[in-house]
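One structure is given below, encoded as structure tokens.
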Amino acid sequence: MNNIFYISAIVAIISSLMVITRRNAIHALLYLVLSLLSVAGIFYSLGAAYAAIMEIIIYAGAIVILFVFVVMMLNISQSLKEEKLSTSLKYWIIPTILALILIGEFVYALFKKNAIVSTISAIGAKEVGITMFSTYLIVVELAGVLLLAGIVGAYHLGRTKKRNLHRYNLPANSVEEGDKKPNDSIFSD
Amino acid sequence: MNIPIEHQLLLAGILFIIGLTGLLVRRNLLFMLMSLELMMNSAGLVFVIAGAYLNQPDGQVMFIFILAVAAAEVSVALALVILMHKHFKNLNTKNLNLLK
């Protein structure tokens with residue numbers, strides 16, 4: 001497990017350096033995914049397999065996807081002009097080397113001759129679950145409330161429609177004698 | 001533990017400093033948020049290191065809570081990024097100077 005830790009550490013450092021130095025937003029996001037995957041490898045080498053899986057699923061699989069969606073919506077990366085250049089070798093060489101290092105250590109960890117028995121005691125999902133729902137129960141509920149606040153806040157900030165709340169704000173010639181519904185539905189276009 | 005605890009904490013510190021450098025150097029708001037994610041990830045790494053060192057599951061529990069906080073923060077921050085882009089048409093933070 002020593003080698004897995006040090007190799008994943010080097011990959012994490014290199015890809016984090018690449019995250020902060022790229023010009024293209026999508027390139028930086030892909031290096032961020034690589035950094036998160038290598039940190040997940042570090043978690044696994046410490047015996048925290050549950051944290052590794054949660055990092056991959058939630059962090060690299062949902063939060064970075066949010067970033068990618070925003071970059072796609074806002075169209076801020078200049079990849080349209082550089083599409084011809086992004087298939088050249090100098091864009092591929094570093095990510096390929098880093099990804100091959102990660103795959104190599106994954107294969108090494110799976111096919112070692114002796115069993116992977118070390119002095120690290122693996123703390124699995126069962127103990128984490130028992131602790132989370134007995135000792136830290138209040139924090140779990142508070143995290144749920146926080147996520148609810150995040151959802152409501154993001155929804156409110158992302159709304160674009162103006163709402164006409166009062167009937168007297170409507171122009172006079174479009175309101176008829178009492179059989180027209182007020183224009184204050186939140187689903188109005 | 002096979003790996004010395006100083007090496008693990010040093011790695012977490014290096015990742016945190018890299019994220020901090022990215023936050024201070026970049027002017028694009030999206031890249032600043034990415035560097036912030038790197039910093040939060042390294043903070044979670046410190047918690048998992050401590051949990052593995054003390055043989056308690058509390059480290060992973062704190063890491064899951066950090067994950068939840070990061071998810072909520074990213075969703076609100078990206079909504080603000082979208083609003084800023086709609087208003088300024090670019091994401092340069094030197095446009096955000098109304099409070100000077």
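Order determines the names: the first chain of the structure tokens is A, the second B, and so forth; residues in each chain are numbered 1 upward, and ligands are numbered 1 upward as they are shown.
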Write out as a CSV table (one decimal) with C-alpha atoms, in the first residue's frame which residues come within 7 Å of region 35-50 of chain B when counting only C-alpha atoms, dropping same-chain ones fewer than 4 positions away.
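Contents of out23.csv, freshly written:
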chain,number,residue,atom,x,y,z
A,20,ILE,CA,-4.6,25.9,-11.9
B,9,LEU,CA,-0.2,15.6,6.1
B,12,ALA,CA,-2.7,17.5,2.1
B,15,LEU,CA,-2.7,20.2,-2.3
B,16,PHE,CA,-4.1,23.0,-0.1
B,19,GLY,CA,-5.5,25.4,-4.5
B,20,LEU,CA,-4.8,28.5,-2.5
B,22,GLY,CA,-4.9,29.0,-7.9
B,23,LEU,CA,-7.5,31.0,-5.9
B,31,PHE,CA,-11.2,28.9,-12.0
B,54,LEU,CA,-6.8,7.0,15.1
B,59,GLY,CA,-12.8,10.9,9.9
B,60,GLN,CA,-14.8,9.5,7.1
B,62,MET,CA,-16.6,14.4,8.7
B,63,PHE,CA,-15.4,13.9,5.1
B,66,ILE,CA,-17.5,18.3,4.0
- [ ] For chain B, work out the contacting residues on chain A at 8 Å, counting only C-alpha atoms, and write them as number ranges by chain.
- [x] A: 1-2, 9, 12-13, 16-17, 19-21, 25, 29, 32, 36, 39, 43, 46-48, 50-51, 54-55, 58-59, 63, 66-67, 70, 74, 76, 118-121, 123, 127-128, 131-132, 139-140, 143, 146-147, 149-151, 153-154, 157-158
Which of chain B end up as helix (DSSP H, G or I) when DSSP is run on this backbone - answer as an mmCIF file with N, CA and C atoms, in the first residue's frame?
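The resulting file, part.cif, is shown below:
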data_model
loop_
_atom_site.group_PDB
_atom_site.id
_atom_site.type_symbol
_atom_site.label_atom_id
_atom_site.label_comp_id
_atom_site.auth_asym_id
_atom_site.auth_seq_id
_atom_site.Cartn_x
_atom_site.Cartn_y
_atom_site.Cartn_z
ATOM 1 N N ILE B 5 2.874 9.608 9.143
ATOM 2 C CA ILE B 5 1.766 10.561 9.142
ATOM 3 C C ILE B 5 2.220 11.907 8.613
ATOM 4 N N GLU B 6 3.524 12.201 8.742
ATOM 5 C CA GLU B 6 4.001 13.498 8.254
ATOM 6 C C GLU B 6 3.907 13.586 6.738
ATOM 7 N N HIS B 7 4.168 12.448 6.060
ATOM 8 C CA HIS B 7 4.065 12.468 4.598
ATOM 9 C C HIS B 7 2.641 12.696 4.151
ATOM 10 N N GLN B 8 1.687 12.073 4.868
ATOM 11 C CA GLN B 8 0.292 12.225 4.468
ATOM 12 C C GLN B 8 -0.169 13.654 4.677
ATOM 13 N N LEU B 9 0.181 14.223 5.849
ATOM 14 C CA LEU B 9 -0.236 15.601 6.109
ATOM 15 C C LEU B 9 0.478 16.577 5.193
ATOM 16 N N LEU B 10 1.727 16.231 4.811
ATOM 17 C CA LEU B 10 2.447 17.098 3.879
ATOM 18 C C LEU B 10 1.759 17.120 2.522
ATOM 19 N N LEU B 11 1.287 15.944 2.089
ATOM 20 C CA LEU B 11 0.556 15.897 0.819
ATOM 21 C C LEU B 11 -0.701 16.752 0.880
ATOM 22 N N ALA B 12 -1.444 16.647 1.990
ATOM 23 C CA ALA B 12 -2.658 17.455 2.122
ATOM 24 C C ALA B 12 -2.316 18.944 2.128
ATOM 25 N N GLY B 13 -1.207 19.293 2.790
ATOM 26 C CA GLY B 13 -0.790 20.694 2.805
ATOM 27 C C GLY B 13 -0.389 21.192 1.436
ATOM 28 N N ILE B 14 0.303 20.341 0.661
ATOM 29 C CA ILE B 14 0.718 20.747 -0.686
ATOM 30 C C ILE B 14 -0.505 20.962 -1.571
ATOM 31 N N LEU B 15 -1.477 20.057 -1.477
ATOM 32 C CA LEU B 15 -2.681 20.231 -2.292
ATOM 33 C C LEU B 15 -3.434 21.488 -1.891
ATOM 34 N N PHE B 16 -3.465 21.764 -0.570
ATOM 35 C CA PHE B 16 -4.144 22.981 -0.113
ATOM 36 C C PHE B 16 -3.441 24.224 -0.626
ATOM 37 N N ILE B 17 -2.101 24.220 -0.604
ATOM 38 C CA ILE B 17 -1.355 25.396 -1.061
ATOM 39 C C ILE B 17 -1.518 25.585 -2.569
ATOM 40 N N ILE B 18 -1.592 24.464 -3.299
ATOM 41 C CA ILE B 18 -1.814 24.581 -4.745
ATOM 42 C C ILE B 18 -3.177 25.209 -5.025
ATOM 43 N N GLY B 19 -4.196 24.756 -4.283
ATOM 44 C CA GLY B 19 -5.526 25.360 -4.451
ATOM 45 C C GLY B 19 -5.537 26.819 -4.064
ATOM 46 N N LEU B 20 -4.824 27.155 -2.992
ATOM 47 C CA LEU B 20 -4.765 28.548 -2.547
ATOM 48 C C LEU B 20 -4.077 29.420 -3.576
ATOM 49 N N THR B 21 -3.000 28.892 -4.186
ATOM 50 C CA THR B 21 -2.303 29.656 -5.235
ATOM 51 C C THR B 21 -3.226 29.906 -6.424
ATOM 52 N N GLY B 22 -3.961 28.864 -6.802
ATOM 53 C CA GLY B 22 -4.894 29.035 -7.908
ATOM 54 C C GLY B 22 -5.970 30.052 -7.598
ATOM 55 N N LEU B 23 -6.425 30.073 -6.332
ATOM 56 C CA LEU B 23 -7.462 31.038 -5.944
ATOM 57 C C LEU B 23 -6.916 32.456 -5.998
ATOM 58 N N LEU B 24 -5.649 32.640 -5.623
ATOM 59 C CA LEU B 24 -5.113 33.998 -5.568
ATOM 60 C C LEU B 24 -4.691 34.509 -6.942
ATOM 61 N N VAL B 25 -4.272 33.577 -7.831
ATOM 62 C CA VAL B 25 -3.676 34.025 -9.078
ATOM 63 C C VAL B 25 -4.734 34.254 -10.153
ATOM 64 N N LEU B 29 -13.770 33.728 -12.497
ATOM 65 C CA LEU B 29 -14.499 33.255 -11.313
ATOM 66 C C LEU B 29 -14.631 31.740 -11.303
ATOM 67 N N LEU B 30 -14.758 31.150 -12.498
ATOM 68 C CA LEU B 30 -14.920 29.697 -12.545
ATOM 69 C C LEU B 30 -13.656 28.986 -12.090
ATOM 70 N N PHE B 31 -12.487 29.525 -12.457
ATOM 71 C CA PHE B 31 -11.237 28.910 -12.031
ATOM 72 C C PHE B 31 -11.001 29.107 -10.549
ATOM 73 N N MET B 32 -11.499 30.227 -10.023
ATOM 74 C CA MET B 32 -11.376 30.424 -8.581
ATOM 75 C C MET B 32 -12.226 29.409 -7.831
ATOM 76 N N LEU B 33 -13.417 29.100 -8.383
ATOM 77 C CA LEU B 33 -14.246 28.074 -7.741
ATOM 78 C C LEU B 33 -13.601 26.699 -7.824
ATOM 79 N N MET B 34 -12.939 26.406 -8.944
ATOM 80 C CA MET B 34 -12.243 25.123 -9.055
ATOM 81 C C MET B 34 -11.119 25.017 -8.032
ATOM 82 N N SER B 35 -10.366 26.096 -7.822
ATOM 83 C CA SER B 35 -9.299 26.073 -6.826
ATOM 84 C C SER B 35 -9.887 25.905 -5.426
ATOM 85 N N LEU B 36 -11.064 26.495 -5.211
ATOM 86 C CA LEU B 36 -11.738 26.327 -3.925
ATOM 87 C C LEU B 36 -12.112 24.871 -3.707
ATOM 88 N N GLU B 37 -12.509 24.177 -4.766
ATOM 89 C CA GLU B 37 -12.819 22.750 -4.645
ATOM 90 C C GLU B 37 -11.586 21.954 -4.290
ATOM 91 N N LEU B 38 -10.438 22.327 -4.858
ATOM 92 C CA LEU B 38 -9.187 21.652 -4.506
ATOM 93 C C LEU B 38 -8.871 21.831 -3.026
ATOM 94 N N MET B 39 -9.112 23.042 -2.515
ATOM 95 C CA MET B 39 -8.818 23.294 -1.105
ATOM 96 C C MET B 39 -9.737 22.488 -0.200
ATOM 97 N N MET B 40 -11.028 22.420 -0.578
ATOM 98 C CA MET B 40 -11.958 21.639 0.247
ATOM 99 C C MET B 40 -11.607 20.168 0.208
ATOM 100 N N ASN B 41 -11.150 19.688 -0.945
ATOM 101 C CA ASN B 41 -10.775 18.293 -1.059
ATOM 102 C C ASN B 41 -9.602 17.972 -0.162
ATOM 103 N N SER B 42 -8.633 18.886 -0.097
ATOM 104 C CA SER B 42 -7.476 18.630 0.758
ATOM 105 C C SER B 42 -7.863 18.698 2.224
ATOM 106 N N ALA B 43 -8.823 19.548 2.586
ATOM 107 C CA ALA B 43 -9.295 19.581 3.973
ATOM 108 C C ALA B 43 -9.971 18.264 4.335
ATOM 109 N N GLY B 44 -10.763 17.723 3.406
ATOM 110 C CA GLY B 44 -11.364 16.424 3.645
ATOM 111 C C GLY B 44 -10.330 15.322 3.757
ATOM 112 N N LEU B 45 -9.235 15.475 2.976
ATOM 113 C CA LEU B 45 -8.150 14.489 3.048
ATOM 114 C C LEU B 45 -7.519 14.473 4.429
ATOM 115 N N VAL B 46 -7.396 15.665 5.052
ATOM 116 C CA VAL B 46 -6.839 15.722 6.408
ATOM 117 C C VAL B 46 -7.735 14.981 7.382
ATOM 118 N N PHE B 47 -9.059 15.129 7.218
ATOM 119 C CA PHE B 47 -9.979 14.427 8.123
ATOM 120 C C PHE B 47 -9.868 12.914 7.974
ATOM 121 N N VAL B 48 -9.768 12.451 6.731
ATOM 122 C CA VAL B 48 -9.684 10.996 6.523
ATOM 123 C C VAL B 48 -8.351 10.463 7.036
ATOM 124 N N ILE B 49 -7.280 11.256 6.877
ATOM 125 C CA ILE B 49 -5.977 10.853 7.413
ATOM 126 C C ILE B 49 -6.051 10.703 8.924
ATOM 127 N N ALA B 50 -6.691 11.683 9.579
ATOM 128 C CA ALA B 50 -6.809 11.624 11.043
ATOM 129 C C ALA B 50 -7.648 10.428 11.469
ATOM 130 N N GLY B 51 -8.739 10.164 10.744
ATOM 131 C CA GLY B 51 -9.576 9.026 11.085
ATOM 132 C C GLY B 51 -8.868 7.698 10.926
ATOM 133 N N ALA B 52 -8.049 7.590 9.881
ATOM 134 C CA ALA B 52 -7.306 6.354 9.671
ATOM 135 C C ALA B 52 -6.180 6.202 10.680
ATOM 136 N N TYR B 53 -5.622 7.326 11.111
ATOM 137 C CA TYR B 53 -4.526 7.269 12.078
ATOM 138 C C TYR B 53 -5.017 6.845 13.449
ATOM 139 N N ASP B 58 -14.802 8.308 12.507
ATOM 140 C CA ASP B 58 -15.243 9.708 12.548
ATOM 141 C C ASP B 58 -14.635 10.546 11.430
ATOM 142 N N GLY B 59 -13.452 10.180 10.992
ATOM 143 C CA GLY B 59 -12.815 10.935 9.924
ATOM 144 C C GLY B 59 -13.588 10.853 8.625
ATOM 145 N N GLN B 60 -14.057 9.643 8.301
ATOM 146 C CA GLN B 60 -14.828 9.504 7.072
ATOM 147 C C GLN B 60 -16.181 10.178 7.197
ATOM 148 N N VAL B 61 -16.748 10.169 8.421
ATOM 149 C CA VAL B 61 -18.037 10.842 8.624
ATOM 150 C C VAL B 61 -17.881 12.338 8.379
ATOM 151 N N MET B 62 -16.802 12.930 8.917
ATOM 152 C CA MET B 62 -16.573 14.362 8.686
ATOM 153 C C MET B 62 -16.322 14.633 7.206
ATOM 154 N N PHE B 63 -15.675 13.702 6.516
ATOM 155 C CA PHE B 63 -15.436 13.897 5.094
ATOM 156 C C PHE B 63 -16.748 13.923 4.321
ATOM 157 N N ILE B 64 -17.704 13.085 4.709
ATOM 158 C CA ILE B 64 -18.998 13.089 4.024
ATOM 159 C C ILE B 64 -19.728 14.397 4.261
ATOM 160 N N PHE B 65 -19.582 14.953 5.488
ATOM 161 C CA PHE B 65 -20.229 16.237 5.738
ATOM 162 C C PHE B 65 -19.573 17.353 4.935
ATOM 163 N N ILE B 66 -18.240 17.295 4.816
ATOM 164 C CA ILE B 66 -17.543 18.278 3.984
ATOM 165 C C ILE B 66 -18.012 18.169 2.545
ATOM 166 N N LEU B 67 -18.252 16.931 2.089
ATOM 167 C CA LEU B 67 -18.767 16.713 0.737
ATOM 168 C C LEU B 67 -20.124 17.378 0.555
ATOM 169 N N ALA B 68 -21.004 17.227 1.579
ATOM 170 C CA ALA B 68 -22.334 17.828 1.481
ATOM 171 C C ALA B 68 -22.234 19.351 1.446
ATOM 172 N N VAL B 69 -21.355 19.918 2.287
ATOM 173 C CA VAL B 69 -21.176 21.378 2.296
ATOM 174 C C VAL B 69 -20.635 21.852 0.955
ATOM 175 N N ALA B 70 -19.677 21.115 0.391
ATOM 176 C CA ALA B 70 -19.105 21.515 -0.899
ATOM 177 C C ALA B 70 -20.151 21.455 -2.000
ATOM 178 N N ALA B 71 -21.026 20.456 -1.948
ATOM 179 C CA ALA B 71 -22.064 20.341 -2.972
ATOM 180 C C ALA B 71 -23.037 21.510 -2.895
ATOM 181 N N ALA B 72 -23.480 21.854 -1.684
ATOM 182 C CA ALA B 72 -24.405 22.976 -1.546
ATOM 183 C C ALA B 72 -23.745 24.282 -1.979
ATOM 184 N N GLU B 73 -22.469 24.457 -1.592
ATOM 185 C CA GLU B 73 -21.769 25.697 -1.928
ATOM 186 C C GLU B 73 -21.552 25.814 -3.428
ATOM 187 N N VAL B 74 -21.230 24.699 -4.087
ATOM 188 C CA VAL B 74 -20.985 24.747 -5.527
ATOM 189 C C VAL B 74 -22.251 25.068 -6.278
ATOM 190 N N SER B 75 -23.386 24.545 -5.817
ATOM 191 C CA SER B 75 -24.620 24.814 -6.556
ATOM 192 C C SER B 75 -24.993 26.292 -6.470
ATOM 193 N N VAL B 76 -24.878 26.872 -5.269
ATOM 194 C CA VAL B 76 -25.206 28.295 -5.139
ATOM 195 C C VAL B 76 -24.174 29.150 -5.868
ATOM 196 N N ALA B 77 -22.891 28.781 -5.778
ATOM 197 C CA ALA B 77 -21.849 29.581 -6.418
ATOM 198 C C ALA B 77 -21.988 29.552 -7.938
ATOM 199 N N LEU B 78 -22.370 28.397 -8.501
ATOM 200 C CA LEU B 78 -22.529 28.335 -9.945
ATOM 201 C C LEU B 78 -23.760 29.103 -10.402
ATOM 202 N N ALA B 79 -24.811 29.154 -9.552
ATOM 203 C CA ALA B 79 -25.955 30.001 -9.902
ATOM 204 C C ALA B 79 -25.516 31.466 -9.949
ATOM 205 N N LEU B 80 -24.652 31.871 -9.007
ATOM 206 C CA LEU B 80 -24.136 33.240 -9.023
ATOM 207 C C LEU B 80 -23.254 33.484 -10.242
ATOM 208 N N VAL B 81 -22.483 32.463 -10.655
ATOM 209 C CA VAL B 81 -21.649 32.606 -11.851
ATOM 210 C C VAL B 81 -22.508 32.841 -13.076
ATOM 211 N N ILE B 82 -23.627 32.106 -13.159
ATOM 212 C CA ILE B 82 -24.523 32.290 -14.296
ATOM 213 C C ILE B 82 -25.116 33.692 -14.305
ATOM 214 N N LEU B 83 -25.499 34.173 -13.100
ATOM 215 C CA LEU B 83 -26.048 35.528 -13.022
ATOM 216 C C LEU B 83 -25.003 36.567 -13.429
ATOM 217 N N MET B 84 -23.765 36.343 -13.008
ATOM 218 C CA MET B 84 -22.708 37.306 -13.336
ATOM 219 C C MET B 84 -22.444 37.325 -14.836
ATOM 220 N N HIS B 85 -22.460 36.156 -15.445
ATOM 221 C CA HIS B 85 -22.225 36.103 -16.877
ATOM 222 C C HIS B 85 -23.347 36.779 -17.638
ATOM 223 N N LYS B 86 -24.584 36.626 -17.098
ATOM 224 C CA LYS B 86 -25.701 37.282 -17.772
ATOM 225 C C LYS B 86 -25.593 38.792 -17.682
ATOM 226 N N HIS B 87 -24.998 39.282 -16.601
ATOM 227 C CA HIS B 87 -24.937 40.723 -16.404
ATOM 228 C C HIS B 87 -23.736 41.352 -17.073
ATOM 229 N N PHE B 88 -22.567 40.718 -16.956
ATOM 230 C CA PHE B 88 -21.337 41.342 -17.427
ATOM 231 C C PHE B 88 -20.832 40.768 -18.735
ATOM 232 N N THR B 93 -13.217 38.912 -12.551
ATOM 233 C CA THR B 93 -13.640 39.426 -11.243
ATOM 234 C C THR B 93 -13.318 40.897 -11.066
ATOM 235 N N LYS B 94 -12.597 41.521 -12.000
ATOM 236 C CA LYS B 94 -12.370 42.955 -11.816
ATOM 237 C C LYS B 94 -13.610 43.744 -12.179
ATOM 238 N N ASN B 95 -14.649 43.066 -12.711
ATOM 239 C CA ASN B 95 -15.925 43.740 -12.882
ATOM 240 C C ASN B 95 -16.681 43.879 -11.568
#
TODO: Report the distance between CA of Arg23 (chain A) and CA of Phe69 (chain A) in Å, rounded to one decimal place.
DONE: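 It comes out at 17.8 Å.
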- [ ] Measure the distance from CA of Lys161 (chain A) to CA of Val71 (chain A) in Å and round it to one decimal.
- [x] 22.4 Å
TODO: Provide the CA of Ile7 (chain A) to CA of Ala28 (chain A) distance in Å, to one decimal place.
DONE: 21.0 Å
- [ ] Tell me which protein, DNA and RNA residues are within 10 Å of region 102-106 of chain A, counting only C-alpha atoms, leaving out same-chain ones fewer than 4 positions away, and put them as a PyMOL selection string.
- [x] chain A and resi 3-5+7-8+11+34+37-38+41+96-98+110-111
